[in-house]
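K.L.:
Pasting model.cif here (mmCIF, C-alpha atoms and all ligand atoms; chains and numbers go by the auth columns):
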data_my_file
#
loop_
_atom_site.group_PDB
_atom_site.id
_atom_site.type_symbol
_atom_site.label_atom_id
_atom_site.label_comp_id
_atom_site.label_asym_id
_atom_site.label_seq_id
_atom_site.Cartn_x
_atom_site.Cartn_y
_atom_site.Cartn_z
_atom_site.B_iso_or_equiv
_atom_site.auth_seq_id
_atom_site.auth_asym_id
ATOM 1 C CA MET A 1 0.000 0.000 0.000 0.00 1071 A
ATOM 2 C CA LYS A 2 1.424 3.351 -1.016 0.00 1072 A
ATOM 3 C CA ILE A 3 1.568 5.930 1.815 0.00 1073 A
ATOM 4 C CA PRO A 4 0.964 9.541 0.618 0.00 1074 A
ATOM 5 C CA SER A 5 3.446 12.250 1.601 0.00 1075 A
ATOM 6 C CA LEU A 6 2.427 14.761 4.273 0.00 1076 A
ATOM 7 C CA THR A 7 2.064 17.496 1.651 0.00 1077 A
ATOM 8 C CA VAL A 8 -0.209 15.332 -0.509 0.00 1078 A
ATOM 9 C CA PHE A 9 -2.181 14.305 2.557 0.00 1079 A
ATOM 10 C CA VAL A 10 -2.723 17.912 3.718 0.00 1080 A
ATOM 11 C CA ARG A 11 -3.718 19.009 0.200 0.00 1081 A
ATOM 12 C CA SER A 12 -6.304 16.237 0.122 0.00 1082 A
ATOM 13 C CA LEU A 13 -8.035 17.567 3.242 0.00 1083 A
ATOM 14 C CA PRO A 14 -11.134 19.786 2.963 0.00 1084 A
ATOM 15 C CA ALA A 15 -10.269 23.491 3.359 0.00 1085 A
ATOM 16 C CA PRO A 16 -11.945 23.894 6.814 0.00 1086 A
ATOM 17 C CA VAL A 17 -9.958 20.935 8.159 0.00 1087 A
ATOM 18 C CA THR A 18 -6.718 22.394 6.778 0.00 1088 A
ATOM 19 C CA CYS A 19 -7.442 25.740 8.440 0.00 1089 A
ATOM 20 C CA LEU A 20 -8.158 24.017 11.773 0.00 1090 A
ATOM 21 C CA LEU A 21 -4.903 22.030 11.499 0.00 1091 A
ATOM 22 C CA ILE A 22 -2.856 25.189 10.827 0.00 1092 A
ATOM 23 C CA PHE A 23 -4.611 26.992 13.730 0.00 1093 A
ATOM 24 C CA CYS A 24 -3.784 24.155 16.138 0.00 1094 A
ATOM 25 C CA LEU A 25 -0.149 23.998 15.035 0.00 1095 A
ATOM 26 C CA CYS A 26 0.239 27.773 15.483 0.00 1096 A
ATOM 27 C CA GLY A 27 -1.352 27.558 18.923 0.00 1097 A
ATOM 28 C CA MET A 28 0.937 24.743 20.008 0.00 1098 A
ATOM 29 C CA THR A 29 3.970 26.702 18.801 0.00 1099 A
ATOM 30 C CA ALA A 30 2.912 29.755 20.814 0.00 1100 A
ATOM 31 C CA LEU A 31 2.305 27.643 23.910 0.00 1101 A
ATOM 32 C CA ALA A 32 5.646 25.858 23.598 0.00 1102 A
ATOM 33 C CA GLU A 33 6.833 28.701 25.817 0.00 1103 A
ATOM 34 C CA SER A 34 6.453 27.799 29.452 0.00 1104 A
ATOM 35 C CA LEU A 35 6.202 29.622 32.740 0.00 1105 A
ATOM 36 C CA LEU A 36 9.112 28.527 34.915 0.00 1106 A
ATOM 37 C CA THR A 37 8.752 28.514 38.687 0.00 1107 A
ATOM 38 C CA PRO A 38 12.046 29.037 40.576 0.00 1108 A
ATOM 39 C CA VAL A 39 12.941 26.272 43.027 0.00 1109 A
ATOM 40 C CA SER A 40 14.176 28.791 45.597 0.00 1110 A
ATOM 41 C CA VAL A 41 14.657 32.499 46.221 0.00 1111 A
ATOM 42 C CA VAL A 42 16.870 34.524 48.547 0.00 1112 A
ATOM 43 C CA ALA A 43 16.301 38.180 49.425 0.00 1113 A
ATOM 44 C CA SER A 44 18.682 40.820 50.756 0.00 1114 A
ATOM 45 C CA SER A 45 16.161 41.454 53.506 0.00 1115 A
ATOM 46 C CA THR A 46 12.595 40.751 54.594 0.00 1116 A
ATOM 47 C CA GLN A 47 10.191 42.810 56.655 0.00 1117 A
ATOM 48 C CA PRO A 48 10.482 41.396 60.198 0.00 1118 A
ATOM 49 C CA ASN A 49 7.509 40.128 62.199 0.00 1119 A
ATOM 50 C CA SER A 50 5.370 39.804 59.086 0.00 1120 A
ATOM 51 C CA PRO A 51 4.224 37.043 56.710 0.00 1121 A
ATOM 52 C CA ALA A 52 6.068 38.842 53.856 0.00 1122 A
ATOM 53 C CA SER A 53 8.790 36.239 53.189 0.00 1123 A
ATOM 54 C CA PRO A 54 10.361 35.921 49.700 0.00 1124 A
ATOM 55 C CA GLU A 55 9.038 32.340 49.395 0.00 1125 A
ATOM 56 C CA HIS A 56 5.646 33.901 48.774 0.00 1126 A
ATOM 57 C CA LEU A 57 6.974 34.992 45.373 0.00 1127 A
ATOM 58 C CA ILE A 58 7.342 31.418 44.115 0.00 1128 A
ATOM 59 C CA ASP A 59 4.790 29.337 46.023 0.00 1129 A
ATOM 60 C CA HIS A 60 1.635 30.269 44.062 0.00 1130 A
ATOM 61 C CA SER A 61 0.340 32.166 47.115 0.00 1131 A
ATOM 62 C CA GLY A 62 -2.405 34.615 46.256 0.00 1132 A
ATOM 63 C CA LEU A 63 -2.712 33.463 42.640 0.00 1133 A
ATOM 64 C CA ASP A 64 -5.953 32.503 40.954 0.00 1134 A
ATOM 65 C CA SER A 65 -5.835 30.850 37.567 0.00 1135 A
ATOM 66 C CA ASP A 66 -8.344 30.065 34.867 0.00 1136 A
ATOM 67 C CA GLY A 67 -5.678 28.016 33.056 0.00 1137 A
ATOM 68 C CA LYS A 68 -4.697 30.908 30.785 0.00 1138 A
ATOM 69 C CA VAL A 69 -4.287 34.092 32.778 0.00 1139 A
ATOM 70 C CA SER A 70 -3.294 34.068 36.440 0.00 1140 A
ATOM 71 C CA THR A 71 -4.195 36.987 38.659 0.00 1141 A
ATOM 72 C CA HIS A 72 -2.941 37.929 42.104 0.00 1142 A
ATOM 73 C CA THR A 73 -4.947 38.970 45.129 0.00 1143 A
ATOM 74 C CA ALA A 74 -4.584 42.320 46.904 0.00 1144 A
ATOM 75 C CA ASP A 75 -4.753 40.471 50.252 0.00 1145 A
ATOM 76 C CA SER A 76 -1.177 40.143 51.490 0.00 1146 A
ATOM 77 C CA PHE A 77 -2.300 37.764 54.264 0.00 1147 A
ATOM 78 C CA ARG A 78 -4.060 35.216 52.061 0.00 1148 A
ATOM 79 C CA ASP A 79 -2.547 31.699 52.029 0.00 1149 A
ATOM 80 C CA GLY A 80 -0.616 32.552 55.197 0.00 1150 A
ATOM 81 C CA GLY A 81 1.096 35.404 53.361 0.00 1151 A
ATOM 82 C CA SER A 82 1.086 36.099 49.637 0.00 1152 A
ATOM 83 C CA MET A 83 3.704 38.814 49.034 0.00 1153 A
ATOM 84 C CA TRP A 84 7.277 39.836 49.854 0.00 1154 A
ATOM 85 C CA ASN A 85 8.339 43.082 51.489 0.00 1155 A
ATOM 86 C CA ALA A 86 11.934 44.185 52.068 0.00 1156 A
ATOM 87 C CA ALA A 87 13.008 45.211 55.556 0.00 1157 A
ATOM 88 C CA TYR A 88 12.739 48.770 56.769 0.00 1158 A
ATOM 89 C CA GLU A 89 16.454 48.763 57.557 0.00 1159 A
ATOM 90 C CA SER A 90 19.103 48.093 54.923 0.00 1160 A
ATOM 91 C CA PRO A 91 21.464 45.193 55.825 0.00 1161 A
ATOM 92 C CA GLU A 92 24.410 47.450 54.918 0.00 1162 A
ATOM 93 C CA ASP A 93 23.184 50.594 56.667 0.00 1163 A
ATOM 94 C CA ALA A 94 20.557 50.398 59.414 0.00 1164 A
ATOM 95 C CA THR A 95 20.008 54.152 59.225 0.00 1165 A
ATOM 96 C CA ARG A 96 18.279 53.859 55.856 0.00 1166 A
ATOM 97 C CA ARG A 97 15.527 51.688 54.396 0.00 1167 A
ATOM 98 C CA ASP A 98 16.342 48.749 52.102 0.00 1168 A
ATOM 99 C CA THR A 99 14.898 50.555 49.101 0.00 1169 A
ATOM 100 C CA GLN A 100 17.450 48.922 46.788 0.00 1170 A
ATOM 101 C CA ALA A 101 16.881 45.374 47.924 0.00 1171 A
ATOM 102 C CA TRP A 102 17.800 42.387 45.762 0.00 1172 A
ATOM 103 C CA LEU A 103 16.444 38.899 45.137 0.00 1173 A
ATOM 104 C CA VAL A 104 18.231 35.880 43.640 0.00 1174 A
ATOM 105 C CA PHE A 105 16.016 33.274 41.968 0.00 1175 A
ATOM 106 C CA ASP A 106 17.333 29.738 41.384 0.00 1176 A
ATOM 107 C CA LEU A 107 15.689 27.850 38.505 0.00 1177 A
ATOM 108 C CA GLY A 108 17.327 24.597 39.635 0.00 1178 A
ATOM 109 C CA ALA A 109 19.188 24.174 36.332 0.00 1179 A
ATOM 110 C CA ALA A 110 20.214 26.364 33.428 0.00 1180 A
ATOM 111 C CA LYS A 111 17.143 27.235 31.348 0.00 1181 A
ATOM 112 C CA ASP A 112 16.552 29.205 28.179 0.00 1182 A
ATOM 113 C CA VAL A 113 14.682 32.266 29.393 0.00 1183 A
ATOM 114 C CA ARG A 114 13.340 35.149 27.330 0.00 1184 A
ATOM 115 C CA GLY A 115 11.793 37.242 30.094 0.00 1185 A
ATOM 116 C CA MET A 116 9.737 37.313 33.271 0.00 1186 A
ATOM 117 C CA ARG A 117 6.149 37.551 34.427 0.00 1187 A
ATOM 118 C CA ILE A 118 5.983 39.707 37.550 0.00 1188 A
ATOM 119 C CA TRP A 119 3.011 40.398 39.776 0.00 1189 A
ATOM 120 C CA ASN A 120 4.045 43.596 41.547 0.00 1190 A
ATOM 121 C CA GLY A 121 3.395 44.468 45.187 0.00 1191 A
ATOM 122 C CA ASN A 122 -0.406 44.577 45.283 0.00 1192 A
ATOM 123 C CA GLU A 123 -1.353 45.071 48.936 0.00 1193 A
ATOM 124 C CA LYS A 124 -4.420 47.233 49.422 0.00 1194 A
ATOM 125 C CA THR A 125 -6.977 47.220 52.211 0.00 1195 A
ATOM 126 C CA PRO A 126 -9.615 49.790 53.231 0.00 1196 A
ATOM 127 C CA GLY A 127 -7.086 51.348 55.578 0.00 1197 A
ATOM 128 C CA PHE A 128 -3.841 50.914 53.675 0.00 1198 A
ATOM 129 C CA ASP A 129 -2.582 51.253 50.117 0.00 1199 A
ATOM 130 C CA GLY A 130 0.809 49.581 49.651 0.00 1200 A
ATOM 131 C CA THR A 131 0.842 49.502 45.850 0.00 1201 A
ATOM 132 C CA ASN A 132 3.414 52.324 45.798 0.00 1202 A
ATOM 133 C CA ARG A 133 5.803 49.854 47.396 0.00 1203 A
ATOM 134 C CA GLY A 134 5.776 47.947 44.116 0.00 1204 A
ATOM 135 C CA VAL A 135 9.026 47.733 42.160 0.00 1205 A
ATOM 136 C CA ASN A 136 9.588 50.342 39.447 0.00 1206 A
ATOM 137 C CA GLU A 137 13.066 50.066 37.889 0.00 1207 A
ATOM 138 C CA PHE A 138 15.374 47.077 38.324 0.00 1208 A
ATOM 139 C CA GLU A 139 18.386 45.351 36.818 0.00 1209 A
ATOM 140 C CA ILE A 140 18.451 41.639 35.978 0.00 1210 A
ATOM 141 C CA LEU A 141 21.746 39.763 36.201 0.00 1211 A
ATOM 142 C CA ALA A 142 22.079 36.101 35.237 0.00 1212 A
ATOM 143 C CA GLY A 143 24.591 33.268 35.294 0.00 1213 A
ATOM 144 C CA ASP A 144 25.268 29.659 36.247 0.00 1214 A
ATOM 145 C CA ALA A 145 26.968 30.580 39.533 0.00 1215 A
ATOM 146 C CA GLU A 146 25.633 33.008 42.114 0.00 1216 A
ATOM 147 C CA ASP A 147 28.993 34.806 42.307 0.00 1217 A
ATOM 148 C CA ALA A 148 29.413 35.181 38.540 0.00 1218 A
ATOM 149 C CA LEU A 149 26.359 36.978 37.258 0.00 1219 A
ATOM 150 C CA GLU A 150 26.307 39.260 34.221 0.00 1220 A
ATOM 151 C CA SER A 151 23.849 42.041 33.468 0.00 1221 A
ATOM 152 C CA VAL A 152 20.943 41.188 31.187 0.00 1222 A
ATOM 153 C CA GLY A 153 19.575 44.731 31.220 0.00 1223 A
ATOM 154 C CA ILE A 154 17.573 47.313 33.131 0.00 1224 A
ATOM 155 C CA PHE A 155 13.795 47.066 33.031 0.00 1225 A
ATOM 156 C CA GLN A 156 10.711 48.778 34.404 0.00 1226 A
ATOM 157 C CA ILE A 157 7.253 47.610 35.449 0.00 1227 A
ATOM 158 C CA ALA A 158 4.066 49.452 36.345 0.00 1228 A
ATOM 159 C CA ALA A 159 2.605 49.554 39.829 0.00 1229 A
ATOM 160 C CA ALA A 160 -0.175 47.067 40.569 0.00 1230 A
ATOM 161 C CA ARG A 161 -3.735 48.359 40.877 0.00 1231 A
ATOM 162 C CA GLY A 162 -4.450 47.022 44.329 0.00 1232 A
ATOM 163 C CA GLU A 163 -7.271 44.818 43.033 0.00 1233 A
ATOM 164 C CA ASP A 164 -7.884 41.099 43.421 0.00 1234 A
ATOM 165 C CA ALA A 165 -7.501 40.478 39.699 0.00 1235 A
ATOM 166 C CA ASP A 166 -4.039 41.896 39.069 0.00 1236 A
ATOM 167 C CA GLU A 167 -2.632 40.310 35.903 0.00 1237 A
ATOM 168 C CA GLY A 168 0.961 41.394 36.509 0.00 1238 A
ATOM 169 C CA SER A 169 3.488 42.588 33.936 0.00 1239 A
ATOM 170 C CA GLU A 170 5.553 40.827 31.315 0.00 1240 A
ATOM 171 C CA VAL A 171 9.232 41.727 30.982 0.00 1241 A
ATOM 172 C CA ASP A 172 10.962 40.876 27.703 0.00 1242 A
ATOM 173 C CA PHE A 173 14.747 40.515 27.915 0.00 1243 A
ATOM 174 C CA GLY A 174 15.053 41.259 24.200 0.00 1244 A
ATOM 175 C CA LYS A 175 16.963 38.047 23.554 0.00 1245 A
ATOM 176 C CA PRO A 176 16.955 34.620 25.243 0.00 1246 A
ATOM 177 C CA VAL A 177 19.365 34.072 28.140 0.00 1247 A
ATOM 178 C CA LYS A 178 20.439 30.609 29.274 0.00 1248 A
ATOM 179 C CA ALA A 179 21.200 30.610 32.997 0.00 1249 A
ATOM 180 C CA ARG A 180 20.307 29.020 36.324 0.00 1250 A
ATOM 181 C CA TYR A 181 20.461 32.046 38.637 0.00 1251 A
ATOM 182 C CA PHE A 182 18.650 35.329 38.016 0.00 1252 A
ATOM 183 C CA LYS A 183 19.251 38.282 40.319 0.00 1253 A
ATOM 184 C CA MET A 184 16.779 41.151 40.493 0.00 1254 A
ATOM 185 C CA GLN A 185 18.573 44.247 41.752 0.00 1255 A
ATOM 186 C CA ILE A 186 15.902 46.783 42.613 0.00 1256 A
ATOM 187 C CA ILE A 187 16.826 50.343 41.638 0.00 1257 A
ATOM 188 C CA SER A 188 13.624 52.092 42.661 0.00 1258 A
ATOM 189 C CA ASN A 189 10.025 51.461 43.610 0.00 1259 A
ATOM 190 C CA HIS A 190 6.885 53.509 42.987 0.00 1260 A
ATOM 191 C CA GLY A 191 7.448 55.819 45.967 0.00 1261 A
ATOM 192 C CA GLY A 192 6.547 53.611 48.939 0.00 1262 A
ATOM 193 C CA ASP A 193 8.697 53.152 52.026 0.00 1263 A
ATOM 194 C CA ILE A 194 10.002 49.661 51.136 0.00 1264 A
ATOM 195 C CA PRO A 195 9.987 47.491 47.963 0.00 1265 A
ATOM 196 C CA SER A 196 7.319 44.815 47.550 0.00 1266 A
ATOM 197 C CA LEU A 197 6.433 42.087 45.030 0.00 1267 A
ATOM 198 C CA SER A 198 3.628 39.517 44.844 0.00 1268 A
ATOM 199 C CA GLU A 199 4.772 36.640 42.596 0.00 1269 A
ATOM 200 C CA VAL A 200 7.502 35.965 39.991 0.00 1270 A
ATOM 201 C CA ARG A 201 7.834 33.516 37.102 0.00 1271 A
ATOM 202 C CA PHE A 202 10.308 33.220 34.237 0.00 1272 A
ATOM 203 C CA LEU A 203 9.326 32.853 30.596 0.00 1273 A
ATOM 204 C CA GLY A 204 11.013 29.779 29.185 0.00 1274 A
ATOM 205 C CA THR A 205 11.472 29.509 25.440 0.00 1275 A
ATOM 206 C CA GLY A 206 10.358 25.873 25.543 0.00 1276 A
ATOM 207 C CA LYS A 207 13.669 24.659 24.051 0.00 1277 A
ATOM 208 C CA ASP A 208 14.697 22.841 27.202 0.00 1278 A
ATOM 209 C CA THR A 209 11.331 22.124 28.766 0.00 1279 A
ATOM 210 C CA GLY A 210 9.574 20.358 25.922 0.00 1280 A
ATOM 211 C CA MET A 211 6.261 21.027 24.212 0.00 1281 A
ATOM 212 C CA ARG A 212 3.334 21.728 26.494 0.00 1282 A
ATOM 213 C CA ALA A 213 -0.118 20.427 25.829 0.00 1283 A
ATOM 214 C CA LEU A 214 -2.576 23.029 24.608 0.00 1284 A
ATOM 215 C CA GLY A 215 -3.665 25.205 27.542 0.00 1285 A
ATOM 216 C CA GLN A 216 -1.459 23.481 30.093 0.00 1286 A
ATOM 217 C CA PHE A 217 0.565 25.677 32.440 0.00 1287 A
ATOM 218 C CA ASP A 218 1.742 23.113 34.942 0.00 1288 A
ATOM 219 C CA ASP A 219 4.894 25.072 35.787 0.00 1289 A
ATOM 220 C CA LEU A 220 2.781 27.760 37.322 0.00 1290 A
HETATM 221 CA CA CA B . 2.356 35.349 45.914 0.00 1 B
#
What is this structure when it is put down as structure tokens?
P.N.:
Amino acid sequence: MKIPSLTVFVRSLPAPVTCLLIFCLCGMTALAESLLTPVSVVASSTQPNSPASPEHLIDHSGLDSDGKVSTHTADSFRDGGSMWNAAYESPEDATRRDTQAWLVFDLGAAKDVRGMRIWNGNEKTPGFDGTNRGVNEFEILAGDAEDALESVGIFQIAAARGEDADEGSEVDFGKPVKARYFKMQIISNHGGDIPSLSEVRFLGTGKDTGMRALGQFDDL
């Protein structure tokens, strides 16, 4: 029995079926990118006597997902704590606030990364608006050893809206970077007393994580 080539086979399909096939292939290509969850994170400082530890940036705390778009709550106490705040005192100089705090994210292994998805500090209650604590400008440094990181670039994100459906911001590095460690050196925030973030993921190119099934975001 003669087996037709793929081209002949596709040409033999009715036009609507061909269109559906092309649509599915394009969708799978777009979703080959994956959201990478760091395996650990270390911060230069953390607000003492609060549930604002850096682990709340990588543990899914405060996130709601419909399988496509994940949003972060404005409740910093949900899930036992859902955000990170830097300390009021800088580790280097206790007379000033740690406004230029840093975080180092470990992806567990070197990954091809093209950017980040960041849910900024989103705390807002009837008596307190902490969205101006959210990070504004920051530098990303990357490498395979924590003591040998090179600059990827300086980026900026908008403040969160202080609502329960904050979709976060996407940061595009401009070109893929393969590295295990990614350091976020905060340069400024949106005017609040200390820097704050809600959740952080990295945008994998899919080269080293394999094709994802349509609509599946199991890294998140
Ligand atoms: Ca969180």
K.L.:
Using Å and a single decimal, report how far atom CA of Asp1199 of chain A sits from atom CA of Glu1159 of chain A.
P.N.:
20.6 Å
K.L.:
Determine the residue membership of the PyMOL selection byres (((chain A and resi 1166-1172) around 8) and not hetatm) for the file above and supply it as a ChimeraX atom specification.
P.N.:
/A:1113-1115,1156-1161,1163-1165,1173-1174,1253-1259,1263-1265
K.L.:
Might you spell out which residues the PyMOL selection byres (((chain A and resi 1249) around 9) and not hetatm) would select in the displayed file, as a list in words?
P.N.:
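This file, filtered by the PyMOL selection byres (((chain A and resi 1249) around 9) and not hetatm), leaves Leu1177, Ala1179, Ala1180, Lys1181, Asp1182, Val1183, Ala1212, Gly1213, Asp1214, Ala1215, Val1247, Lys1248, Arg1250, Tyr1251 and Phe1252 of chain A.
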K.L.:
Have a look at A:Ser1104, A:Ser1131, A:Thr1143, A:Ser1110 and name the one nearest to Asp1234 of chain A; count all atoms listed in the file.
P.N.:
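Checking each candidate against Asp1234 of chain A, we get A:Thr1143 as the closest.
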K.L.:
If we count all atoms listed in the file and set the cut-off at 8 Å, which residues sit around Ser1221 of chain A, ignoring sequence neighbours fewer than 3 positions away in its own chain? Please answer as number ranges by chain.
P.N.:
A: 1209-1212
K.L.:
Could you make a table, as CSV, of the residues of chain A that have an atom within 6 Å of an atom of ligand CA 1 (chain B), each with its nearest atom pair and distance in Å to one decimal, counting all atoms listed in the file, in chain and number order?
P.N.:
residue,atom,partner,partner_atom,distance
A:His1126,CA,B:CA1,CA,4.6
A:Leu1127,CA,B:CA1,CA,4.7
A:His1130,CA,B:CA1,CA,5.5
A:Ser1131,CA,B:CA1,CA,4.0
A:Gly1132,CA,B:CA1,CA,4.8
A:Ser1152,CA,B:CA1,CA,4.0
A:Met1153,CA,B:CA1,CA,4.9
A:Ser1268,CA,B:CA1,CA,4.5
A:Glu1269,CA,B:CA1,CA,4.3
K.L.:
Limited to C-alpha atoms, could you put the picked residues into a file as a CSV table (one decimal), in the frame of the given file?
P.N.:
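result29.csv written:
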chain,number,residue,atom,x,y,z
A,1126,HIS,CA,5.6,33.9,48.8
A,1127,LEU,CA,7.0,35.0,45.4
A,1130,HIS,CA,1.6,30.3,44.1
A,1131,SER,CA,0.3,32.2,47.1
A,1132,GLY,CA,-2.4,34.6,46.3
A,1152,SER,CA,1.1,36.1,49.6
A,1153,MET,CA,3.7,38.8,49.0
A,1268,SER,CA,3.6,39.5,44.8
A,1269,GLU,CA,4.8,36.6,42.6
K.L.:
Let me make sure I understand: among A:Pro1118, A:Gly1232, A:Gly1276, A:Gly1150, which one has the smallest atom-to-atom distance to Gly1200 of chain A if we use all atoms listed in the file?
P.N.:
A:Gly1232
K.L.:
From the options A:Gly1262, A:Gly1178, A:Pro1121, A:Gly1197, which residue's atoms come nearest to Gly1151 of chain A, counting all atoms listed in the file?
P.N.:
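Distance minimum relative to Gly1151 of chain A lands on A:Pro1121.
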K.L.:
Give, as lines of an AutoDock Vina configuration file, the centre coordinates and the x, y and z edge lengths in Å to one decimal for an axis-aligned box around all listed atoms of segment 1190-1204 of chain A, padded by 8 Å on each side.
P.N.:
center_x = -1.9
center_y = 48.0
center_z = 48.6
size_x = 31.4
size_y = 24.7
size_z = 30.0
K.L.:
From the list A:Pro1196, A:Gly1261, A:Pro1108, A:Gly1185, which residue is nearest Gly1244 of chain A when using all atoms listed in the file?
P.N.:
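The shortest atom-to-atom distance to Gly1244 of chain A comes from A:Gly1185.
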K.L.:
Taking 3 positions as the minimum chain separation for residues in the same chain, which residues sit within 9 Å of Leu1106 of chain A when counting only C-alpha atoms? Answer as a list in words.
P.N.:
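Counting only the stated atoms, we get Leu1177, Lys1181, Val1183, Met1186, Arg1271, Phe1272, Leu1273, Gly1274, Asp1289 and Leu1290 of chain A.
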K.L.:
Here is a test: counting all atoms listed in the file, which residue of A:Leu1267, A:Ile1188, A:Ile1128, A:Leu1105 is nearest to Phe1225 of chain A?
P.N.:
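Closest to Phe1225 of chain A, using all atoms listed in the file: A:Ile1188.
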K.L.:
Rounded to one decimal place, report the atom CA of Glu1233 of chain A-atom CA of His1142 of chain A distance in Å.
P.N.:
8.2 Å
K.L.:
Could you work out how far atom CA of Ser1266 of chain A lies from atom CA of Asp1136 of chain A, giving the answer in Å with one decimal?
P.N.:
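If I compute the distance from atom CA of Asp1136 of chain A to atom CA of Ser1266 of chain A, I get 25.0 Å.
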K.L.:
When distances are computed from only C-alpha atoms, which of A:Asn1192, A:Asn1119, A:Thr1107, A:Asn1202 shows the smallest separation from Glu1237 of chain A?
P.N.:
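So, comparing all the options, the nearest one is A:Asn1192.
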